[in-house]
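Shown next: query_32.pdb, containing PDB, C-alpha atoms.
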MODEL        1
ATOM      1  CA  MET A1422     -41.948 -30.678  41.016
ATOM      2  CA  MET A1423     -44.338 -29.560  38.326
ATOM      3  CA  SER A1424     -47.988 -30.311  38.545
ATOM      4  CA  SER A1425     -49.676 -31.891  35.591
ATOM      5  CA  GLY A1426     -52.830 -29.821  35.909
ATOM      6  CA  ALA A1427     -54.728 -28.249  33.054
ATOM      7  CA  GLY A1428     -53.669 -24.712  33.924
ATOM      8  CA  SER A1429     -49.923 -25.301  34.034
ATOM      9  CA  GLN A1430     -47.682 -24.474  31.097
ATOM     10  CA  PRO A1431     -44.149 -25.730  30.601
ATOM     11  CA  GLN A1432     -41.521 -23.200  31.498
ATOM     12  CA  GLN A1433     -39.436 -21.906  28.611
ATOM     13  CA  SER A1434     -35.813 -21.134  29.262
ATOM     14  CA  ALA A1435     -33.824 -18.443  27.528
ATOM     15  CA  PRO A1436     -31.703 -19.686  24.595
ATOM     16  CA  ILE A1437     -28.136 -20.471  25.507
ATOM     17  CA  GLU A1438     -25.555 -18.506  23.582
ATOM     18  CA  THR A1439     -22.252 -20.209  23.048
ATOM     19  CA  MET A1440     -19.041 -18.312  22.585
ATOM     20  CA  PRO A1441     -16.000 -19.780  20.889
ATOM     21  CA  THR A1442     -13.251 -20.669  23.282
ATOM     22  CA  VAL A1443     -10.122 -18.661  22.604
ATOM     23  CA  TYR A1444      -6.945 -19.494  24.435
ATOM     24  CA  ALA A1445      -4.202 -16.961  24.985
ATOM     25  CA  GLU A1446      -1.133 -16.670  27.110
ATOM     26  CA  PRO A1447      -1.624 -14.677  30.299
ATOM     27  CA  GLY A1448      -1.183 -10.993  29.545
ATOM     28  CA  GLN A1449      -1.564 -11.515  25.783
ATOM     29  CA  PRO A1450      -4.651 -10.549  23.791
ATOM     30  CA  PRO A1451      -6.504 -13.530  22.307
ATOM     31  CA  THR A1452      -6.021 -14.170  18.627
ATOM     32  CA  GLU A1453      -8.996 -14.478  16.337
ATOM     33  CA  SER A1454      -7.737 -16.993  13.798
ATOM     34  CA  THR A1455      -4.538 -18.791  12.991
ATOM     35  CA  VAL A1456      -5.472 -19.373   9.346
ATOM     36  CA  ASP A1457      -4.419 -16.726   6.839
ATOM     37  CA  VAL A1458      -7.530 -16.471   4.678
ATOM     38  CA  ASP A1459      -5.999 -13.644   2.627
ATOM     39  CA  PHE A1460      -3.175 -15.976   1.581
ATOM     40  CA  LEU A1461      -5.570 -18.801   0.699
ATOM     41  CA  LYS A1462      -7.643 -16.507  -1.546
ATOM     42  CA  GLY A1463      -4.675 -14.541  -2.900
ATOM     43  CA  VAL A1464      -2.306 -15.105  -5.783
ATOM     44  CA  GLY A1465       0.246 -16.964  -3.632
ATOM     45  CA  GLY A1466      -2.291 -19.515  -2.396
ATOM     46  CA  ILE A1467      -3.802 -20.027  -5.838
ATOM     47  CA  LEU A1468      -0.343 -20.482  -7.407
ATOM     48  CA  LYS A1469       0.549 -23.122  -4.823
ATOM     49  CA  VAL A1470      -2.688 -25.031  -5.483
ATOM     50  CA  VAL A1471      -2.025 -24.942  -9.243
ATOM     51  CA  GLU A1472       1.559 -26.121  -8.628
ATOM     52  CA  MET A1473       0.303 -29.021  -6.510
ATOM     53  CA  VAL A1474      -2.295 -30.057  -9.122
ATOM     54  CA  PHE A1475       0.170 -29.867 -12.022
ATOM     55  CA  SER A1476       2.826 -31.760 -10.056
ATOM     56  CA  LEU A1477       0.343 -34.524  -9.290
ATOM     57  CA  VAL A1478      -0.776 -34.718 -12.929
ATOM     58  CA  VAL A1479       2.852 -34.950 -14.087
ATOM     59  CA  PHE A1480       3.508 -37.716 -11.564
ATOM     60  CA  ILE A1481       0.469 -39.705 -12.718
ATOM     61  CA  CYS A1482       1.344 -39.295 -16.412
ATOM     62  CA  ALA A1483       4.923 -40.436 -15.828
ATOM     63  CA  SER A1484       3.734 -43.342 -13.673
ATOM     64  CA  VAL A1485       1.365 -44.824 -16.275
ATOM     65  CA  SER A1486       3.963 -44.776 -19.030
ATOM     66  CA  GLU A1487       5.172 -48.269 -19.886
ATOM     67  CA  ASP A1488       8.309 -47.176 -21.741
ATOM     68  CA  HIS A1489      11.506 -45.435 -20.719
ATOM     69  CA  LYS A1490      11.405 -46.151 -16.987
ATOM     70  CA  ASP A1491      14.687 -44.281 -16.397
ATOM     71  CA  ALA A1492      13.290 -41.056 -17.801
ATOM     72  CA  CYS A1493      10.012 -41.554 -15.971
ATOM     73  CA  GLY A1494      11.874 -42.108 -12.706
ATOM     74  CA  TRP A1495      13.474 -38.657 -12.910
ATOM     75  CA  ILE A1496      10.175 -37.018 -13.853
ATOM     76  CA  GLN A1497       8.411 -38.808 -10.975
ATOM     77  CA  PHE A1498      11.119 -37.749  -8.522
ATOM     78  CA  VAL A1499      10.903 -34.085  -9.523
ATOM     79  CA  SER A1500       7.109 -33.941  -9.570
ATOM     80  CA  MET A1501       6.531 -35.771  -6.278
ATOM     81  CA  THR A1502       9.260 -33.842  -4.453
ATOM     82  CA  ALA A1503       7.763 -30.581  -5.710
ATOM     83  CA  PHE A1504       4.281 -31.780  -4.714
ATOM     84  CA  VAL A1505       5.276 -32.627  -1.129
ATOM     85  CA  LEU A1506       7.375 -29.492  -0.597
ATOM     86  CA  THR A1507       4.669 -27.253  -2.050
ATOM     87  CA  ILE A1508       2.109 -28.800   0.301
ATOM     88  CA  MET A1509       4.452 -28.023   3.202
ATOM     89  CA  LEU A1510       4.881 -24.412   2.044
ATOM     90  CA  TYR A1511       1.124 -24.064   1.558
ATOM     91  CA  VAL A1512       0.499 -25.235   5.138
ATOM     92  CA  PHE A1513       3.276 -22.968   6.459
ATOM     93  CA  HIS A1514       1.731 -19.934   4.792
ATOM     94  CA  ALA A1515      -1.838 -20.936   5.622
ATOM     95  CA  PHE A1516      -1.011 -21.065   9.339
ATOM     96  CA  LYS A1517       1.185 -17.927   9.266
ATOM     97  CA  LEU A1518       4.385 -19.757  10.222
ATOM     98  CA  PRO A1519       6.985 -17.866   8.074
ATOM     99  CA  PRO A1520       6.939 -14.726  10.273
ATOM    100  CA  LYS A1521       7.773 -16.945  13.262
ATOM    101  CA  PHE A1522      10.938 -18.122  11.483
ATOM    102  CA  ALA A1523      11.930 -14.670  10.238
ATOM    103  CA  LYS A1524      14.540 -14.043  12.933
ATOM    104  CA  SER A1525      16.377 -17.341  12.496
ATOM    105  CA  ILE A1526      15.805 -18.300   8.847
ATOM    106  CA  PRO A1527      15.696 -16.040   5.776
ATOM    107  CA  PHE A1528      12.446 -17.766   4.788
ATOM    108  CA  LYS A1529      11.660 -15.649   1.728
ATOM    109  CA  PHE A1530      15.120 -16.206   0.294
ATOM    110  CA  CYS A1531      14.908 -19.957   0.974
ATOM    111  CA  GLU A1532      11.525 -20.065  -0.733
ATOM    112  CA  PHE A1533      12.955 -18.177  -3.715
ATOM    113  CA  CYS A1534      15.787 -20.739  -3.948
ATOM    114  CA  TYR A1535      13.282 -23.614  -3.803
ATOM    115  CA  TYR A1536      11.155 -22.200  -6.623
ATOM    116  CA  ALA A1537      14.170 -21.307  -8.780
ATOM    117  CA  THR A1538      15.617 -24.811  -8.332
ATOM    118  CA  PHE A1539      12.378 -26.555  -9.201
ATOM    119  CA  THR A1540      11.812 -24.301 -12.205
ATOM    120  CA  LEU A1541      15.150 -25.603 -13.515
ATOM    121  CA  PHE A1542      14.296 -29.202 -12.542
ATOM    122  CA  TYR A1543      10.954 -28.964 -14.334
ATOM    123  CA  PHE A1544      12.702 -27.601 -17.426
ATOM    124  CA  ILE A1545      15.080 -30.582 -17.426
ATOM    125  CA  SER A1546      12.184 -32.988 -16.811
ATOM    126  CA  GLY A1547      10.200 -31.424 -19.641
ATOM    127  CA  VAL A1548      13.089 -31.848 -22.051
ATOM    128  CA  VAL A1549      13.542 -35.471 -20.947
ATOM    129  CA  ALA A1550       9.824 -36.189 -21.327
ATOM    130  CA  ALA A1551       9.684 -34.503 -24.727
ATOM    131  CA  CYS A1552      12.700 -36.478 -25.981
ATOM    132  CA  PHE A1553      11.077 -39.824 -25.140
ATOM    133  CA  ALA A1554       7.479 -38.847 -25.954
ATOM    134  CA  THR A1555       7.463 -40.072 -29.555
ATOM    135  CA  GLY A1556       4.591 -42.561 -29.827
ATOM    136  CA  ASN A1557       3.888 -42.441 -26.086
ATOM    137  CA  ALA A1558       0.745 -40.523 -25.123
ATOM    138  CA  ALA A1559       1.498 -40.634 -21.383
ATOM    139  CA  LEU A1560       4.945 -39.077 -21.815
ATOM    140  CA  SER A1561       3.521 -36.515 -24.252
ATOM    141  CA  ALA A1562       1.020 -35.450 -21.593
ATOM    142  CA  ALA A1563       3.781 -35.515 -18.979
ATOM    143  CA  ALA A1564       5.911 -33.244 -21.195
ATOM    144  CA  PHE A1565       3.045 -30.770 -21.643
ATOM    145  CA  PHE A1566       2.210 -30.585 -17.944
ATOM    146  CA  THR A1567       5.895 -30.505 -17.000
ATOM    147  CA  PHE A1568       6.411 -27.387 -19.101
ATOM    148  CA  ALA A1569       3.172 -25.935 -17.703
ATOM    149  CA  SER A1570       4.497 -26.591 -14.182
ATOM    150  CA  MET A1571       7.766 -24.927 -15.125
ATOM    151  CA  VAL A1572       5.873 -21.795 -16.194
ATOM    152  CA  VAL A1573       3.811 -21.701 -12.984
ATOM    153  CA  PHE A1574       6.920 -22.208 -10.840
ATOM    154  CA  GLY A1575       8.654 -19.486 -12.887
ATOM    155  CA  VAL A1576       5.812 -17.062 -12.162
ATOM    156  CA  ASP A1577       6.188 -17.871  -8.468
ATOM    157  CA  VAL A1578       9.944 -17.214  -8.768
ATOM    158  CA  TYR A1579       9.150 -13.723 -10.034
ATOM    159  CA  PHE A1580       6.815 -13.053  -7.097
ATOM    160  CA  LYS A1581       9.344 -14.461  -4.622
ATOM    161  CA  VAL A1582      12.129 -12.239  -5.998
ATOM    162  CA  MET A1583       9.933  -9.162  -5.706
ATOM    163  CA  ASP A1584       8.785 -10.134  -2.221
ATOM    164  CA  TRP A1585      12.328 -10.956  -1.087
ATOM    165  CA  ARG A1586      13.788  -7.694  -2.438
ATOM    166  CA  HIS A1587      11.205  -5.604  -0.580
ATOM    167  CA  SER A1588      11.318  -7.580   2.652
ATOM    168  CA  GLY A1589      14.818  -6.828   3.949
ATOM    169  CA  ASP A1590      15.160 -10.564   4.515
ATOM    170  CA  GLY A1591      18.075 -12.803   3.627
ATOM    171  CA  PRO A1592      21.409 -12.246   1.885
ATOM    172  CA  TYR A1593      22.032  -8.987   0.077
ATOM    173  CA  PHE A1594      24.144  -8.417  -2.945
ATOM    174  CA  SER A1595      25.937  -5.115  -3.287
ATOM    175  CA  THR A1596      25.938  -3.399  -6.650
ATOM    176  CA  SER A1597      28.987  -1.242  -5.922
ATOM    177  CA  SER A1598      32.454  -2.738  -5.980
ATOM    178  CA  SER A1599      33.708  -0.618  -3.064
ATOM    179  CA  SER A1600      31.259  -2.002  -0.510
ATOM    180  CA  SER A1601      32.008  -5.483   0.764
ATOM    181  CA  SER A1602      29.587  -5.570   3.675
ATOM    182  CA  ASN A1603      26.357  -7.522   3.720
ATOM    183  CA  ALA A1604      24.302  -4.542   4.832
ATOM    184  CA  PRO A1605      20.670  -4.471   3.783
ATOM    185  CA  PRO A1606      19.734  -2.320   0.820
ATOM    186  CA  PRO A1607      18.257   1.094   1.513
ATOM    187  CA  SER A1608      14.656   0.855   2.579
ATOM    188  CA  SER A1609      12.021   1.705   0.055
ATOM    189  CA  THR A1610       8.557   3.096   0.521
ATOM    190  CA  ASN A1611       7.039  -0.291  -0.310
ATOM    191  CA  ALA A1612       7.031  -2.432   2.837
ATOM    192  CA  GLY A1613       6.602  -5.649   0.899
ATOM    193  CA  ILE A1614       4.410  -7.297  -1.636
ATOM    194  CA  GLN A1615       1.310  -8.946  -0.280
ATOM    195  CA  TYR A1616      -0.081 -11.430  -2.773
TER
ENDMDL
END

Go ahead and render the structure in this file as structure tokens.
Amino acid sequence: MMSSGAGSQPQQSAPIETMPTVYAEPGQPPTESTVDVDFLKGVGGILKVVEMVFSLVVFICASVSEDHKDACGWIQFVSMTAFVLTIMLYVFHAFKLPPKFAKSIPFKFCEFCYYATFTLFYFISGVVAACFATGNAALSAAAFFTFASMVVFGVDVYFKVMDWRHSGDGPYFSTSSSSSSNAPPPSSTNAGIQY
């Protein structure tokens, strides 16, 4: 018990330092972070954010159009499917999940196929929107942003091709007619593109 006399002073305790709790499997070193900050700040993360924003803008423009519901339905399908799948890829990369799939799934090749397919789908959607855009401001805006999305997805296709070619991941195509095996191409000095 403390006395309440004039000469007594309250005791000060040392500040308590808290340490973050890090969980690790027994025998494994603890990991610092599961979020890939380099990806989020890099070209790949920025491209995915731009793709998501453009896809959402295209969806909204096609949704507010009163005319040509058939054309708008295709544009909405392409833009919302691209939006959802790009969010999934963004989360996969942000939490460093692709390397965990590397042994069972050629993830970089699958991602290349996704971006190539949606570049084509955005081209078709842009042509459809442009054909029906006469006198319709919403479809005119949808056509503009659809072609802008196609360009951004096309840029990502380029980066995915370069990344896939240097990764040693996925199917390989032989350039010589005498070789029929699916052996990986000779390794290069570049271990892969980090963007």

Using the chain letters and numbers from this file, what does the PyMOL selection byres ((chain A and resi 1461-1476) around 10) select? Give the answer as a compact mmCIF listing (two decimals) with C-alpha atoms, in the frame of the given file.
# COMPACT_ATOMS: atom_id res chain seq x y z
CA VAL A 1456 -5.47 -19.37 9.35
CA ASP A 1457 -4.42 -16.73 6.84
CA VAL A 1458 -7.53 -16.47 4.68
CA ASP A 1459 -6.00 -13.64 2.63
CA PHE A 1460 -3.18 -15.98 1.58
CA LEU A 1477 0.34 -34.52 -9.29
CA VAL A 1478 -0.78 -34.72 -12.93
CA VAL A 1479 2.85 -34.95 -14.09
CA PHE A 1480 3.51 -37.72 -11.56
CA ILE A 1481 0.47 -39.70 -12.72
CA CYS A 1482 1.34 -39.30 -16.41
CA ILE A 1496 10.18 -37.02 -13.85
CA GLN A 1497 8.41 -38.81 -10.98
CA VAL A 1499 10.90 -34.08 -9.52
CA SER A 1500 7.11 -33.94 -9.57
CA MET A 1501 6.53 -35.77 -6.28
CA THR A 1502 9.26 -33.84 -4.45
CA ALA A 1503 7.76 -30.58 -5.71
CA PHE A 1504 4.28 -31.78 -4.71
CA VAL A 1505 5.28 -32.63 -1.13
CA LEU A 1506 7.38 -29.49 -0.60
CA THR A 1507 4.67 -27.25 -2.05
CA ILE A 1508 2.11 -28.80 0.30
CA LEU A 1510 4.88 -24.41 2.04
CA TYR A 1511 1.12 -24.06 1.56
CA VAL A 1512 0.50 -25.24 5.14
CA HIS A 1514 1.73 -19.93 4.79
CA ALA A 1515 -1.84 -20.94 5.62
CA TYR A 1543 10.95 -28.96 -14.33
CA ALA A 1563 3.78 -35.52 -18.98
CA PHE A 1566 2.21 -30.58 -17.94
CA THR A 1567 5.90 -30.50 -17.00
CA PHE A 1568 6.41 -27.39 -19.10
CA ALA A 1569 3.17 -25.94 -17.70
CA SER A 1570 4.50 -26.59 -14.18
CA MET A 1571 7.77 -24.93 -15.12
CA VAL A 1572 5.87 -21.80 -16.19
CA VAL A 1573 3.81 -21.70 -12.98
CA PHE A 1574 6.92 -22.21 -10.84
CA VAL A 1576 5.81 -17.06 -12.16
CA ASP A 1577 6.19 -17.87 -8.47
CA PHE A 1580 6.82 -13.05 -7.10
CA LYS A 1581 9.34 -14.46 -4.62
CA GLN A 1615 1.31 -8.95 -0.28
CA TYR A 1616 -0.08 -11.43 -2.77

Computed interatomic separation between CA of Ile1545 in chain A and CA of Tyr1579 in chain A (Å): 19.3 Å

To box range 1568-1574 of chain A, take all atoms listed in the file, fit an axis-aligned box, add 5 Å on each side, and give centre and edge lengths in Å to one decimal, as lines of an AutoDock Vina configuration file.
center_x = 5.5
center_y = -24.5
center_z = -15.0
size_x = 14.6
size_y = 15.7
size_z = 18.3

Test item: residues at most 12 Å from Phe1528 in chain A, all atoms listed in the file, excluding those fewer than 2 positions along its chain, as a ChimeraX atom specification: /A:1510,1513-1514,1518-1526,1530-1535,1581,1584-1585,1588-1592

Best match for closeness to Ala1550 in chain A among A:Met1583, A:Ala1537, A:Val1578, A:Cys1493, counting only C-alpha atoms: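 When distances to Ala1550 in chain A are compared using only C-alpha atoms, the smallest one comes from A:Cys1493.
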
Shortest interatomic distance to Ser1484 in chain A - which of A:Met1509, A:Ala1554, A:Leu1560, A:Val1548, counting only C-alpha atoms: A:Leu1560

Closest of A:Ser1486, A:Asp1491, A:Pro1527, A:Thr1455 to Ala1558 in chain A - atom-to-atom distances counting only C-alpha atoms: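 Closest to Ala1558 in chain A, using only C-alpha atoms: A:Ser1486.
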
Pairwise distance for CA of Phe1553 in chain A and CA of Leu1541 in chain A, rounded to one decimal in Å: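 Calculated distance between CA of Phe1553 in chain A and CA of Leu1541 in chain A is 18.8 Å.
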
Point-to-point distance from CA of Phe1498 in chain A to CA of Phe1565 in chain A, Å rounded to tenths: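 CA of Phe1565 in chain A lies at a distance of 16.9 Å from CA of Phe1498 in chain A.
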
Residue with smallest distance to His1587 in chain A - pool A:Lys1529, A:Gly1575, A:Ala1483, A:Thr1540, counting only C-alpha atoms: A:Lys1529
